[in-house]
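File shown here: protein-v3.cif, holding mmCIF, C-alpha atoms and all ligand atoms.
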```cif
data_entry
loop_
_atom_site.label_atom_id
_atom_site.label_comp_id
_atom_site.auth_asym_id
_atom_site.auth_seq_id
_atom_site.Cartn_x
_atom_site.Cartn_y
_atom_site.Cartn_z
CA MET A 1 0.00 0.00 0.00
CA ILE A 2 1.31 3.47 -0.85
CA ILE A 3 1.55 5.66 2.26
CA SER A 4 1.04 9.27 1.23
CA LEU A 5 1.02 12.58 3.02
CA ILE A 6 -1.20 15.34 1.66
CA VAL A 7 -0.66 18.89 2.87
CA ALA A 8 -0.86 22.57 1.98
CA ALA A 9 2.19 24.41 3.32
CA SER A 10 3.52 27.95 2.94
CA THR A 11 7.02 28.75 1.68
CA ASN A 12 8.18 28.64 5.34
CA ASN A 13 6.32 25.30 5.86
CA ALA A 14 3.54 26.75 8.04
CA ILE A 15 0.33 24.69 7.87
CA GLY A 16 -1.86 26.12 10.65
CA LYS A 17 -2.26 28.50 13.53
CA ASP A 18 -4.50 28.31 16.63
CA ASN A 19 -5.79 24.97 15.32
CA ARG A 20 -7.06 26.60 12.10
CA LEU A 21 -5.92 26.61 8.48
CA LEU A 22 -4.09 29.69 7.21
CA TRP A 23 -5.99 30.26 3.96
CA HIS A 24 -9.07 29.41 1.98
CA LEU A 25 -8.07 27.93 -1.39
CA PRO A 26 -11.12 26.36 -3.11
CA ASN A 27 -9.04 24.69 -5.84
CA ASP A 28 -6.88 23.03 -3.21
CA MET A 29 -9.96 21.76 -1.38
CA LYS A 30 -11.19 20.26 -4.67
CA TYR A 31 -7.76 18.71 -5.32
CA PHE A 32 -7.71 17.26 -1.78
CA LYS A 33 -11.17 15.75 -2.23
CA ASN A 34 -10.39 14.26 -5.65
CA THR A 35 -7.05 12.84 -4.57
CA THR A 36 -8.27 11.23 -1.34
CA TRP A 37 -11.70 10.14 -2.59
CA ALA A 38 -12.70 6.56 -1.59
CA MET A 39 -9.40 6.05 0.24
CA PRO A 40 -8.56 5.81 3.94
CA VAL A 41 -7.47 9.09 5.56
CA ILE A 42 -5.55 9.25 8.85
CA MET A 43 -5.60 12.40 10.94
CA GLY A 44 -4.51 13.57 14.38
CA ARG A 45 -7.14 14.16 17.04
CA LYS A 46 -6.50 17.93 16.93
CA THR A 47 -7.03 18.12 13.17
CA TYR A 48 -10.33 16.24 13.51
CA GLU A 49 -11.43 18.68 16.22
CA SER A 50 -10.25 21.64 14.12
CA MET A 51 -12.80 20.55 11.50
CA ASP A 52 -15.54 20.63 14.18
CA ASN A 53 -15.47 16.81 14.28
CA THR A 54 -16.64 16.65 10.67
CA VAL A 55 -16.32 13.22 9.05
CA LEU A 56 -14.90 13.41 5.52
CA HIS A 57 -17.58 11.64 3.55
CA GLY A 58 -16.66 9.12 0.85
CA ARG A 59 -13.48 8.18 2.71
CA PHE A 60 -12.52 5.86 5.60
CA ASN A 61 -11.77 8.23 8.47
CA ILE A 62 -9.18 7.08 11.01
CA ILE A 63 -8.41 9.35 13.97
CA VAL A 64 -5.22 8.93 15.95
CA THR A 65 -5.19 9.66 19.71
CA ARG A 66 -3.27 8.33 22.69
CA GLN A 67 -6.38 8.72 24.88
CA LYS A 68 -7.85 5.29 25.58
CA ASN A 69 -11.46 6.37 26.08
CA TRP A 70 -11.65 9.23 23.60
CA ASN A 71 -14.98 9.42 21.78
CA ALA A 72 -15.12 10.87 18.26
CA GLY A 73 -18.84 11.53 18.62
CA ASP A 74 -19.52 9.72 15.33
CA ASP A 75 -19.43 5.96 14.80
CA ARG A 76 -18.41 6.34 11.13
CA VAL A 77 -14.82 7.03 12.24
CA GLN A 78 -12.29 4.51 13.46
CA ILE A 79 -9.95 5.33 16.33
CA ALA A 80 -6.33 4.19 16.58
CA ASN A 81 -4.01 4.62 19.54
CA SER A 82 -0.86 4.67 17.38
CA LEU A 83 0.18 5.52 13.84
CA ASP A 84 1.10 1.87 13.21
CA LYS A 85 -2.38 0.76 14.27
CA ALA A 86 -3.93 3.41 12.00
CA ILE A 87 -1.93 2.13 9.02
CA GLU A 88 -2.98 -1.43 9.90
CA LEU A 89 -6.65 -0.36 9.86
CA ALA A 90 -6.08 1.39 6.52
CA LYS A 91 -4.57 -1.78 5.03
CA GLU A 92 -7.71 -3.71 5.99
CA THR A 93 -9.66 -1.59 3.48
CA ASP A 94 -7.61 -3.12 0.60
CA CYS A 95 -7.23 0.35 -0.94
CA LYS A 96 -4.11 1.03 -2.97
CA GLU A 97 -3.17 4.18 -1.06
CA VAL A 98 -3.64 5.70 2.42
CA PHE A 99 -3.40 9.42 3.10
CA VAL A 100 -2.08 11.02 6.26
CA ILE A 101 -3.87 14.37 6.20
CA GLY A 102 -2.34 16.13 9.23
CA GLY A 103 -1.66 17.91 11.33
CA GLY A 104 1.87 18.95 12.18
CA GLU A 105 2.53 16.32 14.84
CA LEU A 106 1.24 13.48 12.70
CA PHE A 107 3.12 14.65 9.59
CA LYS A 108 6.36 14.74 11.59
CA GLU A 109 5.82 11.17 12.80
CA SER A 110 4.72 9.74 9.46
CA MET A 111 7.40 11.34 7.25
CA SER A 112 9.76 8.38 7.79
CA VAL A 113 7.17 5.77 6.69
CA ALA A 114 5.71 7.73 3.76
CA ASN A 115 6.41 6.88 0.10
CA ARG A 116 4.76 9.94 -1.45
CA ILE A 117 3.93 13.56 -0.60
CA TYR A 118 1.19 15.60 -2.26
CA LEU A 119 2.32 19.11 -1.38
CA THR A 120 0.33 22.18 -2.26
CA ARG A 121 3.02 24.80 -1.93
CA VAL A 122 1.38 28.12 -1.08
CA HIS A 123 3.75 30.84 -2.20
CA VAL A 124 3.68 33.11 0.85
CA THR A 125 5.71 33.47 4.02
CA ILE A 126 3.21 33.47 6.85
CA ASP A 127 3.06 33.18 10.63
CA GLY A 128 1.99 29.77 11.99
CA ASP A 129 2.30 27.49 15.00
CA SER A 130 2.07 24.18 13.16
CA PHE A 131 4.57 23.18 10.47
CA PHE A 132 5.32 20.57 7.81
CA PRO A 133 8.79 18.99 8.03
CA ASP A 134 11.46 19.99 5.49
CA ILE A 135 11.41 17.82 2.37
CA LYS A 136 15.05 16.78 2.01
CA GLU A 137 16.06 16.49 -1.65
CA THR A 138 18.50 13.73 -0.68
CA ASP A 139 15.46 11.57 0.20
CA TRP A 140 12.70 12.90 -2.09
CA LYS A 141 12.34 13.48 -5.83
CA LEU A 142 9.94 16.04 -7.33
CA ILE A 143 7.69 14.14 -9.77
CA SER A 144 5.33 16.90 -10.85
CA ASP A 145 4.82 20.59 -10.21
CA ALA A 146 1.76 22.46 -11.51
CA PRO A 147 1.76 26.19 -10.72
CA PHE A 148 -1.37 28.38 -10.51
CA PRO A 149 -1.49 32.16 -10.12
CA LYS A 150 -3.58 33.90 -7.47
CA ASP A 151 -6.99 35.13 -8.61
CA ASP A 152 -10.14 36.62 -7.12
CA ARG A 153 -10.85 33.37 -5.21
CA HIS A 154 -7.26 32.52 -4.24
CA ALA A 155 -5.25 35.07 -2.27
CA PHE A 156 -1.86 33.47 -3.04
CA ASP A 157 -0.03 31.77 -5.91
CA TYR A 158 0.15 28.01 -5.31
CA SER A 159 1.61 24.86 -6.89
CA PHE A 160 0.44 21.27 -6.78
CA GLN A 161 3.58 19.20 -6.29
CA VAL A 162 4.04 15.45 -5.99
CA TRP A 163 7.20 14.09 -4.38
CA ASP A 164 8.21 10.40 -4.35
CA ARG A 165 10.71 8.87 -1.99
CA LYS A 166 13.98 8.10 -3.78
CA LYS A 167 14.67 4.36 -4.07
N1 LIG A 201 -2.40 22.89 5.86
C1 LIG A 201 -2.72 21.61 5.96
O1 LIG A 201 -2.64 20.86 4.98
C2 LIG A 201 -3.22 21.06 7.27
C3 LIG A 201 -3.75 19.77 7.34
C4 LIG A 201 -4.20 19.28 8.57
C5 LIG A 201 -4.10 20.08 9.70
N2 LIG A 201 -3.58 21.33 9.58
C6 LIG A 201 -3.43 22.19 10.78
O2 LIG A 201 -2.56 21.52 11.70
C7 LIG A 201 -2.88 21.98 13.02
C8 LIG A 201 -3.08 20.77 13.92
O3 LIG A 201 -1.85 20.03 14.00
P1 LIG A 201 -1.24 19.57 15.41
O4 LIG A 201 0.18 19.19 15.20
O5 LIG A 201 -1.53 20.61 16.43
O6 LIG A 201 -2.13 18.30 15.81
P2 LIG A 201 -2.47 16.93 15.04
O7 LIG A 201 -1.23 16.33 14.46
O8 LIG A 201 -3.66 17.12 14.17
O9 LIG A 201 -2.98 16.06 16.27
C9 LIG A 201 -2.11 15.80 17.34
C10 LIG A 201 -2.76 14.77 18.23
O10 LIG A 201 -2.87 13.54 17.53
C11 LIG A 201 -2.63 12.46 18.43
N3 LIG A 201 -1.40 11.77 18.02
C12 LIG A 201 -0.35 12.26 17.32
N4 LIG A 201 0.56 11.32 17.12
C13 LIG A 201 0.08 10.19 17.67
C14 LIG A 201 0.56 8.85 17.79
N5 LIG A 201 1.75 8.47 17.26
N6 LIG A 201 -0.18 7.94 18.43
C15 LIG A 201 -1.37 8.29 18.98
N7 LIG A 201 -1.89 9.53 18.90
C16 LIG A 201 -1.17 10.47 18.27
C17 LIG A 201 -2.51 13.09 19.81
O11 LIG A 201 -3.85 13.15 20.30
P3 LIG A 201 -4.21 13.11 21.86
O12 LIG A 201 -3.68 14.40 22.43
O13 LIG A 201 -5.71 13.02 21.89
O14 LIG A 201 -3.52 11.90 22.42
C18 LIG A 201 -1.99 14.47 19.49
O15 LIG A 201 -2.24 15.41 20.51
C19 LIG A 201 -4.12 22.84 12.89
O16 LIG A 201 -3.74 24.21 12.84
C20 LIG A 201 -4.70 22.42 11.54
O17 LIG A 201 -5.49 23.45 10.96
C21 LIG A 201 -3.14 21.83 8.41
#
```

Could you render the structure as structure tokens?
Ligand SMILES: NC(=O)c1ccc[n+]([C@@H]2O[C@H](COP(=O)([O-])OP(=O)(O)OC[C@H]3O[C@@H](n4cnc5c(N)ncnc54)[C@H](OP(=O)(O)O)[C@@H]3O)[C@@H](O)[C@H]2O)c1
Amino acid sequence: MIISLIVAASTNNAIGKDNRLLWHLPNDMKYFKNTTWAMPVIMGRKTYESMDNTVLHGRFNIIVTRQKNWNAGDDRVQIANSLDKAIELAKETDCKEVFVIGGGELFKESMSVANRIYLTRVHVTIDGDSFFPDIKETDWKLISDAPFPKDDRHAFDYSFQVWDRKK
């Protein structure tokens, strides 16, 4: 199974602040939905709560928490007490790919087991309190890079990049 990370990060790798996203980019939301559709998605407990406990429909939602009795408030989600357990649950779906969708803590922990990164690079330097790890070019190869200019619905230039782990 391909283990992928999918993230939108600024030039300085910021991904969030005060448990919120830093921008509203409708095309990125569409890209996220299309890319993860029908696949398992793994997220940290704080990211789930940052979305007001909203289940991402059309996908297998797996929430990671160390709390033994934590309740997601929705029985459509699965709960895992470790990243390994979450990946195990994802494998049970028989899907070809699983997506770690954030946030900062989970990205940091899953970087070493990931094979692919879908990075929406948002071309702005911005203040944040949650960050994506550096993508080291010794370990990762840029496979595709599609740039889009800002417009009346997108406040910043952005690029859809795909990175694969070097063999
Ligand atoms: N730009 C983007 O693409 C993007 C995507 C997603 C999120 N975000 C942003 O990221 C921020 C949230 O990130 P965050 O780093 O604060 O939190 P997070 O990674 O979403 O969640 C952290 C929590 O996940 C659980 N966890 C993490 N690693 C675990 C492990 N190995 N085993 C078991 N549980 C584990 C813990 O929950 P417990 O404390 O319950 O044990 C931990 O407190 C928000 O600002 C959000 O908007 C941005």

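Interatomic distance, atom N7 of ligand LIG 201 (chain A) against atom CA of A:Leu83: 6.8 Å.
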
Residues within 8 Å of ligand LIG 201 (chain A) (all atoms listed in the file), as number ranges by chain?
A: 6-9, 14-22, 43-48, 50-51, 63-67, 70, 80-84, 101-107, 109, 120, 129-131

Selection near A:Glu97, 8 Å with all atoms listed in the file, sequence-local residues under 2 positions removed, as a list in words:
Met1, Ile2, Ile3, Ser4, Met39, Pro40, Cys95 and Phe99 of chain A

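Here atom CA of A:Asp145 is placed at a distance of 16.9 Å from atom CA of A:Lys30.
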
Please identify every residue of stretch 5-92 of chain A that has at least one atom no farther than 9 Å from an atom of stretch 153-159 of chain A, counting all atoms listed in the file, and for each give the shortest atom pair and the distance in Å to one decimal, arranged by chain then increasing number, as JSON lines.
```
{"residue": "A:Ser10", "atom": "CA", "partner": "A:Tyr158", "partner_atom": "CA", "distance": 8.9}
{"residue": "A:Trp23", "atom": "CA", "partner": "A:Ala155", "partner_atom": "CA", "distance": 7.9}
{"residue": "A:His24", "atom": "CA", "partner": "A:His154", "partner_atom": "CA", "distance": 7.2}
{"residue": "A:Leu25", "atom": "CA", "partner": "A:His154", "partner_atom": "CA", "distance": 5.5}
{"residue": "A:Pro26", "atom": "CA", "partner": "A:Arg153", "partner_atom": "CA", "distance": 7.3}
{"residue": "A:Asn27", "atom": "CA", "partner": "A:His154", "partner_atom": "CA", "distance": 8.2}
{"residue": "A:Asp28", "atom": "CA", "partner": "A:Tyr158", "partner_atom": "CA", "distance": 8.9}
```

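Of the residues under consideration (A:Val55, A:Val77, A:Leu5, A:Ile143), A:Leu5 shows the shortest atom-to-atom contact distance to A:Ser112 when counting only C-alpha atoms.
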
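For the pair atom CA of A:Trp37 and atom CA of A:Gly58, the separation is 6.1 Å.
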
Please determine the residues with any atom at most 12 Å from (17.3, 14.2, 1.4) (coordinates as given in the file, with all atoms listed in the file counting) and report them as an MDAnalysis selection string.
chainID A and resid 111:112 133:142 163:167

For A:Gln78, please output as number ranges by chain all residues within 8 Å (counting all atoms listed in the file; exclusion window: fewer than 2 positions along the same chain).
A: 60-63, 75-76, 80

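The smallest atom-to-atom distance between A:Ala38 and any of A:Ser110, A:Tyr118, A:Asn13, A:Leu56, using all atoms listed in the file, is found for A:Leu56.
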
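In terms of minimum interatomic distance to A:Ala72, A:Thr54 ranks closest within A:Val41, A:His123, A:Lys91, A:Thr54, counting all atoms listed in the file.
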
Would you mind completing stretch 65-85 of chain A so that it carries N, CA and C atoms, and writing it out as a PDB file, in the coordinates of the input?
```pdb
ATOM      1  N   THR A  65      -5.257   9.024  18.385  1.00  0.00           N
ATOM      2  CA  THR A  65      -5.190   9.660  19.710  1.00  0.00           C
ATOM      3  C   THR A  65      -4.523   8.684  20.668  1.00  0.00           C
ATOM      4  N   ARG A  66      -3.829   9.224  21.659  1.00  0.00           N
ATOM      5  CA  ARG A  66      -3.270   8.330  22.690  1.00  0.00           C
ATOM      6  C   ARG A  66      -4.269   8.113  23.823  1.00  0.00           C
ATOM      7  N   GLN A  67      -5.377   8.844  23.814  1.00  0.00           N
ATOM      8  CA  GLN A  67      -6.380   8.720  24.880  1.00  0.00           C
ATOM      9  C   GLN A  67      -7.178   7.427  24.672  1.00  0.00           C
ATOM     10  N   LYS A  68      -7.228   6.616  25.716  1.00  0.00           N
ATOM     11  CA  LYS A  68      -7.850   5.290  25.580  1.00  0.00           C
ATOM     12  C   LYS A  68      -9.370   5.380  25.426  1.00  0.00           C
ATOM     13  N   ASN A  69      -9.994   6.338  26.092  1.00  0.00           N
ATOM     14  CA  ASN A  69     -11.460   6.370  26.080  1.00  0.00           C
ATOM     15  C   ASN A  69     -12.015   7.553  25.287  1.00  0.00           C
ATOM     16  N   TRP A  70     -11.210   8.069  24.360  1.00  0.00           N
ATOM     17  CA  TRP A  70     -11.650   9.230  23.600  1.00  0.00           C
ATOM     18  C   TRP A  70     -12.813   8.840  22.668  1.00  0.00           C
ATOM     19  N   ASN A  71     -13.803   9.711  22.594  1.00  0.00           N
ATOM     20  CA  ASN A  71     -14.980   9.420  21.780  1.00  0.00           C
ATOM     21  C   ASN A  71     -15.061  10.449  20.646  1.00  0.00           C
ATOM     22  N   ALA A  72     -15.100   9.963  19.419  1.00  0.00           N
ATOM     23  CA  ALA A  72     -15.120  10.870  18.260  1.00  0.00           C
ATOM     24  C   ALA A  72     -16.493  11.508  18.071  1.00  0.00           C
ATOM     25  N   GLY A  73     -17.496  10.979  18.747  1.00  0.00           N
ATOM     26  CA  GLY A  73     -18.840  11.530  18.620  1.00  0.00           C
ATOM     27  C   GLY A  73     -19.520  11.117  17.324  1.00  0.00           C
ATOM     28  N   ASP A  74     -18.935  10.149  16.613  1.00  0.00           N
ATOM     29  CA  ASP A  74     -19.520   9.720  15.330  1.00  0.00           C
ATOM     30  C   ASP A  74     -19.016   8.309  15.061  1.00  0.00           C
ATOM     31  N   ASP A  75     -19.924   7.340  14.942  1.00  0.00           N
ATOM     32  CA  ASP A  75     -19.430   5.960  14.800  1.00  0.00           C
ATOM     33  C   ASP A  75     -18.983   5.622  13.375  1.00  0.00           C
ATOM     34  N   ARG A  76     -18.964   6.602  12.465  1.00  0.00           N
ATOM     35  CA  ARG A  76     -18.410   6.340  11.130  1.00  0.00           C
ATOM     36  C   ARG A  76     -16.884   6.426  11.127  1.00  0.00           C
ATOM     37  N   VAL A  77     -16.287   6.928  12.222  1.00  0.00           N
ATOM     38  CA  VAL A  77     -14.820   7.030  12.240  1.00  0.00           C
ATOM     39  C   VAL A  77     -14.231   5.886  13.050  1.00  0.00           C
ATOM     40  N   GLN A  78     -13.024   5.503  12.683  1.00  0.00           N
ATOM     41  CA  GLN A  78     -12.290   4.510  13.460  1.00  0.00           C
ATOM     42  C   GLN A  78     -11.225   5.234  14.273  1.00  0.00           C
ATOM     43  N   ILE A  79     -10.933   4.693  15.451  1.00  0.00           N
ATOM     44  CA  ILE A  79      -9.950   5.330  16.330  1.00  0.00           C
ATOM     45  C   ILE A  79      -8.760   4.395  16.483  1.00  0.00           C
ATOM     46  N   ALA A  80      -7.556   4.972  16.398  1.00  0.00           N
ATOM     47  CA  ALA A  80      -6.330   4.190  16.580  1.00  0.00           C
ATOM     48  C   ALA A  80      -5.482   4.865  17.643  1.00  0.00           C
ATOM     49  N   ASN A  81      -4.831   4.042  18.479  1.00  0.00           N
ATOM     50  CA  ASN A  81      -4.010   4.620  19.540  1.00  0.00           C
ATOM     51  C   ASN A  81      -2.546   4.771  19.148  1.00  0.00           C
ATOM     52  N   SER A  82      -2.224   4.439  17.887  1.00  0.00           N
ATOM     53  CA  SER A  82      -0.860   4.670  17.380  1.00  0.00           C
ATOM     54  C   SER A  82      -0.939   4.822  15.872  1.00  0.00           C
ATOM     55  N   LEU A  83       0.123   5.378  15.302  1.00  0.00           N
ATOM     56  CA  LEU A  83       0.180   5.520  13.840  1.00  0.00           C
ATOM     57  C   LEU A  83       0.236   4.145  13.177  1.00  0.00           C
ATOM     58  N   ASP A  84       1.006   3.230  13.778  1.00  0.00           N
ATOM     59  CA  ASP A  84       1.100   1.870  13.210  1.00  0.00           C
ATOM     60  C   ASP A  84      -0.272   1.207  13.147  1.00  0.00           C
ATOM     61  N   LYS A  85      -1.032   1.357  14.224  1.00  0.00           N
ATOM     62  CA  LYS A  85      -2.380   0.760  14.270  1.00  0.00           C
ATOM     63  C   LYS A  85      -3.277   1.406  13.201  1.00  0.00           C
TER      64      LYS A  85
END
```
